[in-house]
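Worksheet: the structure to be examined is printed underneath.
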Amino acid sequence: MGTVHARSLEPLPVSGSDFGALGDEPELVEVEPEAKQEVLENKDVVVQHVHFDGLGRTKDDIIMYEIGDLFKAKNLIDVMRKSHEAREKLLRLGIFRQVEVLIDTCQGDDALPNGLDVTFEVTELRRLTGSYNTMVGNNEGSMVLGLKLPNLFGRAEKVTFQFSYGTKETSYGLSFFKPQPGNFERNFSVNLYKVTGQFPWSSLRETDRGVSTEFNFPIWKTNHTLKWEGVWRELGSLARTASFSVREESGHSLKSSLSHTMVIDSRNSSILPRRGALLKMNQELAGYSGGDVAFLKEDFELQLNKQLLWDSVFSATLWGGMLVPIGDKPSSIADRFYLGGPTSVRGFSMYSIGPQSEGDYLGGEAYWAGGLHLYTPLPFRPGRGGFGDLFRTHFFLNAGNLCNLNYGEGPKAHLRKLAEFIRWSYGAGIVLRLGNIARLELNYCIPMGVQSSDRICDGVQFGAGIRFL
């Protein structure tokens with residue numbers, strides 16, 4: 001039997017089958033057929049040796065965790081599949097620039113008739129790498145410069161320095177990342193950062209200097225994140241015309257909080273899914289581990305997607321959250337929820353729903369928002385099978401409310417207040433998917449249920465981001 005080159009296999013995306021072009025399905029196996037291949041094709045085989053060419057500073061133990069399943073393969077097709085899976089695991093570690101696989105019959109005195117040798121040819125990343133790119137947030141963009149020290153101690157650790165300059169936010173940070181060998185999803189990180197943001201809807205400027213630690217781990221079909229964050233916050237007025245309520249919030253505060261996030265995500269894409277569901281729940285408790293800010297904050301996100309006839313997709317989304325101050329001190333404008341804009345309740349200006357003072361929006365301690373969407377192909381399907389598949393026609397109905405609650409009242413009073421003065425909107429537009437990075441929307445919006453304190457965007461509204469209602 002000659003050499004089987006597994007390098008011809010198309011790499012599988014980590015985030016799902018829709019990471020690349022729409023409708024593309026990755027090929028699992030593509031083999032160069034040879035005459036003697038039939039001898040082992042339907043027979044049991046044994047992987048006798050696994051070789052690595054090109055290893056430098058990478059430790060052997062972390063490599064063994066990633067290729068262990070390869071020794072359990074029972075036939076040639078199984079060896080090829082598990083070799084491909086091992087290749088993907090090695091690339092996921094972020095320590096190799098390139099990984100190729102060669103499968104050949106075993107040679108030597110100890111070679112078995114059905115024995116195979118598997119060789120991984122790897123190219124390690126340099127000790128110092130740099131990058132520059134652009135990022136799209138929720139209706140904002142930024143330029144990002146980064147320096148990275150990959151595989152610092154030989155077990156996929158990395159240190160990253162990143163500087164970001166954006167339309168509303170400037171930040172820089174230093175982080176250390178350490179995965180558990182053999183279980184990349186279970187990892188630990190430490191971050192030092194400084195973030196300066198401008199929030200024109202509140203005439204507010206905020207500077208955060210902080211440190212955080214995160215532990216990520218999967219349990220069954222859920223992913224969890226435990227996080228501690230200590231941050232020194234400085235709030236100030238963005239303009240001389242800032243309201244007294246915003247000026248009153250100005251000053252310094254110290255927040256120390258513990259948070260937990262649980263995510264269940266079966267969607268085929270996080271940007272413009274065609275099927276699957278998402279459930280995300282977050283709890284944050286501040287004040288018990290120090291600092292002068294104390295509250296309990298809960299919020300959730302639910303999304304369901306169903307593919308219909310004629311390549312159409314129906315999507316339903318529900319958001320909600322509540323913040324409860326602990327003690328006599330009121331909640332901070334920096335911790336409250338905000339609602340409205342092209343990425344949430346469309347037809348309203350950015351975060352311009354709810355309590356406000358002299359034109360500055362102050363946020364609320366409770367909110368809910370829901371959306372129904374129908375995505376269809378463009379009429380007459382221009383560019384079908386290519387660039388045109390990145391565009392979708394979009395019909396939507398959004399609704400929501402944001403307010404402050406009197407926690408001395410009961411749950412029924414809270415529900416009544418959340419059901420009062422519901423803002424809603426409907427409309428249609430065009431959606432453009434930018435790979436698996438972000439999406440753009442251009443909608444014609446008709447806002448309804450408008451209150452005197454709201455600021456609307458009646459007519460055409462443009463939105464860019466990664467998280468949409």
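To be explicit about the labels: the chains of the structure tokens are called A, B, and onward in the order shown, and within each one the residues are counted from 1, while ligands get numbers from 1 in the order they are shown.
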
Could you give me the residues within segment 56-177 of chain A that DSSP places in helix (DSSP H, G or I), as a PyMOL selection string? chain A and resi 60-72+76-92

Could you list, as a ChimeraX atom specification, every residue within 9 Å of Gly359 of chain A, counting only C-alpha atoms and ignoring same-chain residues fewer than 3 positions away? /A:201-203,242-243,356,453

Only C-alpha atoms, please: the residues just picked out, written as a PDB file, in the first residue's frame.
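Generated file (part26.pdb):
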ATOM      1  CA  TRP A 201     -27.281  59.063  24.309  1.00  0.00           C
ATOM      2  CA  SER A 202     -26.501  59.686  28.004  1.00  0.00           C
ATOM      3  CA  SER A 203     -23.921  62.489  27.581  1.00  0.00           C
ATOM      4  CA  ALA A 242     -25.256  67.104  30.272  1.00  0.00           C
ATOM      5  CA  SER A 243     -28.254  66.928  32.590  1.00  0.00           C
ATOM      6  CA  GLN A 356     -34.503  60.250  30.623  1.00  0.00           C
ATOM      7  CA  SER A 453     -39.616  60.857  26.127  1.00  0.00           C
TER       8      SER A 453
END

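Nearest residue to Tyr65 of chain A among A:Met80, A:Ala86, A:Val46, A:Val118 is A:Ala86, counting only C-alpha atoms.
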
List the spatial neighbours of Ala316 of chain A as a PyMOL selection string - criterion: any atom at most 7 Å away, only C-alpha atoms, same-chain residues fewer than 4 positions off excluded. chain A and resi 303-305+371-373

For the selection you just gave me, I'd like the residues written to a file as a short mmCIF file (atom, residue, chain, number, x, y, z; two decimals), in the first residue's frame, keeping all heavy atoms.
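Produced file out-v4.cif, reproduced below:
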data_model
loop_
_atom_site.label_atom_id
_atom_site.label_comp_id
_atom_site.auth_asym_id
_atom_site.auth_seq_id
_atom_site.Cartn_x
_atom_site.Cartn_y
_atom_site.Cartn_z
N GLN A 303 -33.47 32.48 21.64
CA GLN A 303 -33.68 32.61 20.19
C GLN A 303 -34.00 31.25 19.59
O GLN A 303 -33.36 30.25 19.91
CB GLN A 303 -32.43 33.18 19.51
CG GLN A 303 -32.60 33.44 18.02
CD GLN A 303 -31.32 33.92 17.37
OE1 GLN A 303 -30.58 33.12 16.79
NE2 GLN A 303 -31.03 35.22 17.47
N LEU A 304 -35.03 31.22 18.74
CA LEU A 304 -35.43 30.01 18.03
C LEU A 304 -35.44 30.30 16.53
O LEU A 304 -35.94 31.34 16.11
CB LEU A 304 -36.82 29.55 18.48
CG LEU A 304 -37.01 29.26 19.97
CD1 LEU A 304 -38.46 28.99 20.28
CD2 LEU A 304 -36.14 28.09 20.41
N ASN A 305 -34.92 29.37 15.74
CA ASN A 305 -34.84 29.54 14.29
C ASN A 305 -35.37 28.29 13.60
O ASN A 305 -35.03 27.17 13.99
CB ASN A 305 -33.39 29.79 13.85
CG ASN A 305 -32.77 30.98 14.54
OD1 ASN A 305 -33.00 32.12 14.16
ND2 ASN A 305 -31.98 30.73 15.57
N GLY A 371 -38.82 39.85 19.39
CA GLY A 371 -38.84 40.09 17.96
C GLY A 371 -39.25 38.87 17.17
O GLY A 371 -38.91 37.74 17.54
N LEU A 372 -40.01 39.08 16.11
CA LEU A 372 -40.36 38.05 15.14
C LEU A 372 -39.79 38.47 13.79
O LEU A 372 -39.96 39.63 13.37
CB LEU A 372 -41.88 37.88 15.05
CG LEU A 372 -42.60 37.46 16.33
CD1 LEU A 372 -44.11 37.44 16.10
CD2 LEU A 372 -42.11 36.11 16.82
N HIS A 373 -39.14 37.54 13.11
CA HIS A 373 -38.45 37.87 11.86
C HIS A 373 -38.72 36.81 10.82
O HIS A 373 -38.82 35.62 11.13
CB HIS A 373 -36.93 37.97 12.08
CG HIS A 373 -36.53 38.90 13.18
ND1 HIS A 373 -36.18 40.21 12.94
CD2 HIS A 373 -36.44 38.72 14.52
CE1 HIS A 373 -35.88 40.79 14.09
NE2 HIS A 373 -36.03 39.90 15.06
#

Residues within 9 Å of Ile264 of chain A, only C-alpha atoms, excluding chain neighbours under 4 positions, as a CSV table (one decimal) with all heavy atoms, in the first residue's frame:
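For reference, around.csv as written:
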chain,number,residue,atom,x,y,z
A,221,LYS,N,-24.4,19.5,27.4
A,221,LYS,CA,-24.6,20.4,26.2
A,221,LYS,C,-24.5,21.8,26.5
A,221,LYS,O,-24.9,22.7,25.7
A,221,LYS,CB,-25.9,20.0,25.5
A,221,LYS,CG,-26.0,18.6,24.9
A,221,LYS,CD,-27.3,18.4,24.2
A,221,LYS,CE,-27.4,17.0,23.6
A,221,LYS,NZ,-28.6,16.7,22.9
A,222,THR,N,-24.1,22.2,27.7
A,222,THR,CA,-24.0,23.6,28.1
A,222,THR,C,-22.6,24.0,28.3
A,222,THR,O,-21.7,23.2,28.6
A,222,THR,CB,-24.8,23.8,29.4
A,222,THR,OG1,-24.1,23.1,30.5
A,222,THR,CG2,-26.2,23.3,29.3
A,223,ASN,N,-22.3,25.3,28.0
A,223,ASN,CA,-21.0,25.9,28.3
A,223,ASN,C,-21.2,27.0,29.4
A,223,ASN,O,-22.2,27.8,29.4
A,223,ASN,CB,-20.5,26.6,27.0
A,223,ASN,CG,-20.1,25.6,26.0
A,223,ASN,OD1,-19.3,24.7,26.2
A,223,ASN,ND2,-20.7,25.7,24.8
A,277,ALA,N,-31.3,26.7,18.1
A,277,ALA,CA,-31.8,27.6,19.2
A,277,ALA,C,-30.6,28.0,20.1
A,277,ALA,O,-29.5,27.4,20.1
A,277,ALA,CB,-32.8,26.8,20.1
A,278,LEU,N,-30.9,29.1,20.8
A,278,LEU,CA,-29.9,29.7,21.7
A,278,LEU,C,-30.6,30.0,23.0
A,278,LEU,O,-31.7,30.7,23.0
A,278,LEU,CB,-29.2,31.0,21.1
A,278,LEU,CG,-28.4,31.8,22.1
A,278,LEU,CD1,-27.1,31.1,22.5
A,278,LEU,CD2,-28.1,33.2,21.5
A,279,LEU,N,-30.0,29.6,24.1
A,279,LEU,CA,-30.4,30.1,25.4
A,279,LEU,C,-29.2,30.5,26.2
A,279,LEU,O,-28.2,29.8,26.4
A,279,LEU,CB,-31.1,28.9,26.2
A,279,LEU,CG,-31.4,29.3,27.7
A,279,LEU,CD1,-32.4,30.4,27.8
A,279,LEU,CD2,-32.0,28.0,28.4
A,280,LYS,N,-29.2,31.8,26.6
A,280,LYS,CA,-28.1,32.4,27.4
A,280,LYS,C,-28.6,33.0,28.6
A,280,LYS,O,-29.5,33.9,28.5
A,280,LYS,CB,-27.3,33.4,26.5
A,280,LYS,CG,-26.1,34.0,27.2
A,280,LYS,CD,-25.4,34.9,26.2
A,280,LYS,CE,-24.1,35.5,26.9
A,280,LYS,NZ,-23.4,36.4,25.9

Give me the residues within 8 Å of segment 152-168 of chain A as a short mmCIF file (atom, residue, chain, number, x, y, z; two decimals) with N, CA and C atoms, in the first residue's frame, counting only C-alpha atoms and dropping any in the same chain fewer than 3 places off.
data_model
loop_
_atom_site.label_atom_id
_atom_site.label_comp_id
_atom_site.auth_asym_id
_atom_site.auth_seq_id
_atom_site.Cartn_x
_atom_site.Cartn_y
_atom_site.Cartn_z
N ARG A 57 9.20 23.76 20.67
CA ARG A 57 8.99 24.03 22.09
C ARG A 57 7.72 23.38 22.64
N THR A 58 6.93 22.72 21.80
CA THR A 58 5.69 22.10 22.26
C THR A 58 6.00 20.84 23.05
N LYS A 59 5.37 20.67 24.20
CA LYS A 59 5.57 19.52 25.06
C LYS A 59 4.83 18.30 24.53
N ILE A 62 0.87 17.39 25.92
CA ILE A 62 -0.32 18.03 25.36
C ILE A 62 -0.63 17.46 23.97
N LEU A 93 -5.63 24.41 18.93
CA LEU A 93 -4.78 24.86 20.03
C LEU A 93 -4.17 26.24 19.79
N GLY A 94 -4.10 26.65 18.52
CA GLY A 94 -3.55 27.96 18.22
C GLY A 94 -2.05 28.05 18.35
N ILE A 95 -1.35 26.92 18.18
CA ILE A 95 0.11 26.93 18.33
C ILE A 95 0.82 26.51 17.04
N ARG A 127 7.52 32.70 18.04
CA ARG A 127 7.36 33.05 19.46
C ARG A 127 6.63 34.37 19.64
N GLU A 140 -21.06 50.05 15.90
CA GLU A 140 -19.80 50.75 16.01
C GLU A 140 -18.71 49.90 15.37
N GLY A 141 -17.63 50.55 14.98
CA GLY A 141 -16.50 49.86 14.38
C GLY A 141 -15.22 50.25 15.08
N SER A 142 -14.19 49.41 14.93
CA SER A 142 -12.93 49.69 15.60
C SER A 142 -11.78 49.05 14.83
N MET A 143 -10.60 49.62 15.02
CA MET A 143 -9.37 49.07 14.48
C MET A 143 -8.62 48.43 15.64
N VAL A 144 -8.12 47.20 15.42
CA VAL A 144 -7.51 46.43 16.49
C VAL A 144 -6.08 46.07 16.10
N LEU A 145 -5.14 46.38 16.97
CA LEU A 145 -3.74 45.98 16.82
C LEU A 145 -3.40 45.03 17.96
N GLY A 146 -2.68 43.94 17.64
CA GLY A 146 -2.39 42.96 18.68
C GLY A 146 -1.00 42.37 18.56
N LEU A 147 -0.46 41.98 19.69
CA LEU A 147 0.78 41.21 19.79
C LEU A 147 0.48 39.96 20.61
N LYS A 148 1.03 38.84 20.17
CA LYS A 148 0.72 37.58 20.83
C LYS A 148 1.99 36.76 21.03
N LEU A 149 2.08 36.14 22.22
CA LEU A 149 3.15 35.18 22.51
C LEU A 149 2.49 33.81 22.61
N SER A 171 -9.58 51.05 23.90
CA SER A 171 -9.19 50.14 24.98
C SER A 171 -7.83 49.53 24.70
N TYR A 172 -7.19 49.08 25.76
CA TYR A 172 -6.02 48.24 25.63
C TYR A 172 -5.99 47.28 26.80
N GLY A 173 -5.44 46.10 26.56
CA GLY A 173 -5.46 45.08 27.60
C GLY A 173 -4.38 44.05 27.41
N LEU A 174 -4.07 43.36 28.51
CA LEU A 174 -3.08 42.29 28.54
C LEU A 174 -3.76 41.07 29.13
N SER A 175 -3.65 39.93 28.45
CA SER A 175 -4.34 38.73 28.92
C SER A 175 -3.42 37.52 28.87
N PHE A 176 -3.69 36.57 29.77
CA PHE A 176 -3.00 35.29 29.80
C PHE A 176 -4.05 34.20 29.71
N PHE A 177 -3.84 33.23 28.81
CA PHE A 177 -4.81 32.18 28.55
C PHE A 177 -4.14 30.83 28.72
N LYS A 178 -4.84 29.92 29.43
CA LYS A 178 -4.29 28.59 29.69
C LYS A 178 -5.39 27.55 29.56
N PRO A 179 -5.32 26.65 28.52
CA PRO A 179 -6.32 25.59 28.41
C PRO A 179 -5.89 24.36 29.20
N PRO A 181 -5.01 20.59 29.25
CA PRO A 181 -4.57 19.62 28.23
C PRO A 181 -5.62 18.55 28.00
N GLY A 197 -14.95 54.70 27.14
CA GLY A 197 -16.09 54.70 26.22
C GLY A 197 -16.89 55.98 26.30
N GLN A 198 -17.50 56.32 25.17
CA GLN A 198 -18.37 57.50 25.09
C GLN A 198 -19.78 57.04 24.77
N PHE A 199 -20.75 57.57 25.51
CA PHE A 199 -22.14 57.18 25.37
C PHE A 199 -22.97 58.43 25.14
#

Check the DSSP output for the backbone and give back, as a count of residues only, the residues of segment 300-452 of chain A in strand (DSSP E or B). 75

Using only C-alpha atoms, determine which residues lie at most 10 Å from Gly287 of chain A, disregarding the query and same-chain residues fewer than 6 positions distant; provide the list as a PyMOL selection string. chain A and resi 254-258+293-296+325-327

Can you tell me which residues surround Phe395 of chain A at a distance of at most 8 Å, considering only C-alpha atoms, apart from same-chain residues fewer than 4 positions away, and format the answer as an MDAnalysis selection string? chainID A and resid 373:375 426:429

Residue nearest Ala419 of chain A - candidates A:Leu204, A:Ile333, A:Ala366, A:Met322, atoms counted: only C-alpha atoms: A:Ala366

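The residue that comes closest to Thr134 of chain A, out of A:Leu192, A:Leu55, A:Ala438, A:Val324 and on the basis of only C-alpha atoms, is A:Ala438.
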
From A:Asp454, A:Glu248, A:Glu169, A:Glu185, residue lying nearest Pro355 of chain A [only C-alpha atoms]: A:Asp454

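As for atom CA of Met262 of chain A and atom CA of His224 of chain A, they are spaced 4.6 Å apart.
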
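Closest to Lys82 of chain A among A:Leu70, A:Leu339, A:Leu432, A:Val195 is A:Leu70, based on only C-alpha atoms.
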
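Taking atom CA of Asp61 of chain A and atom CA of Leu76 of chain A as the two end points, the separation is 25.8 Å.
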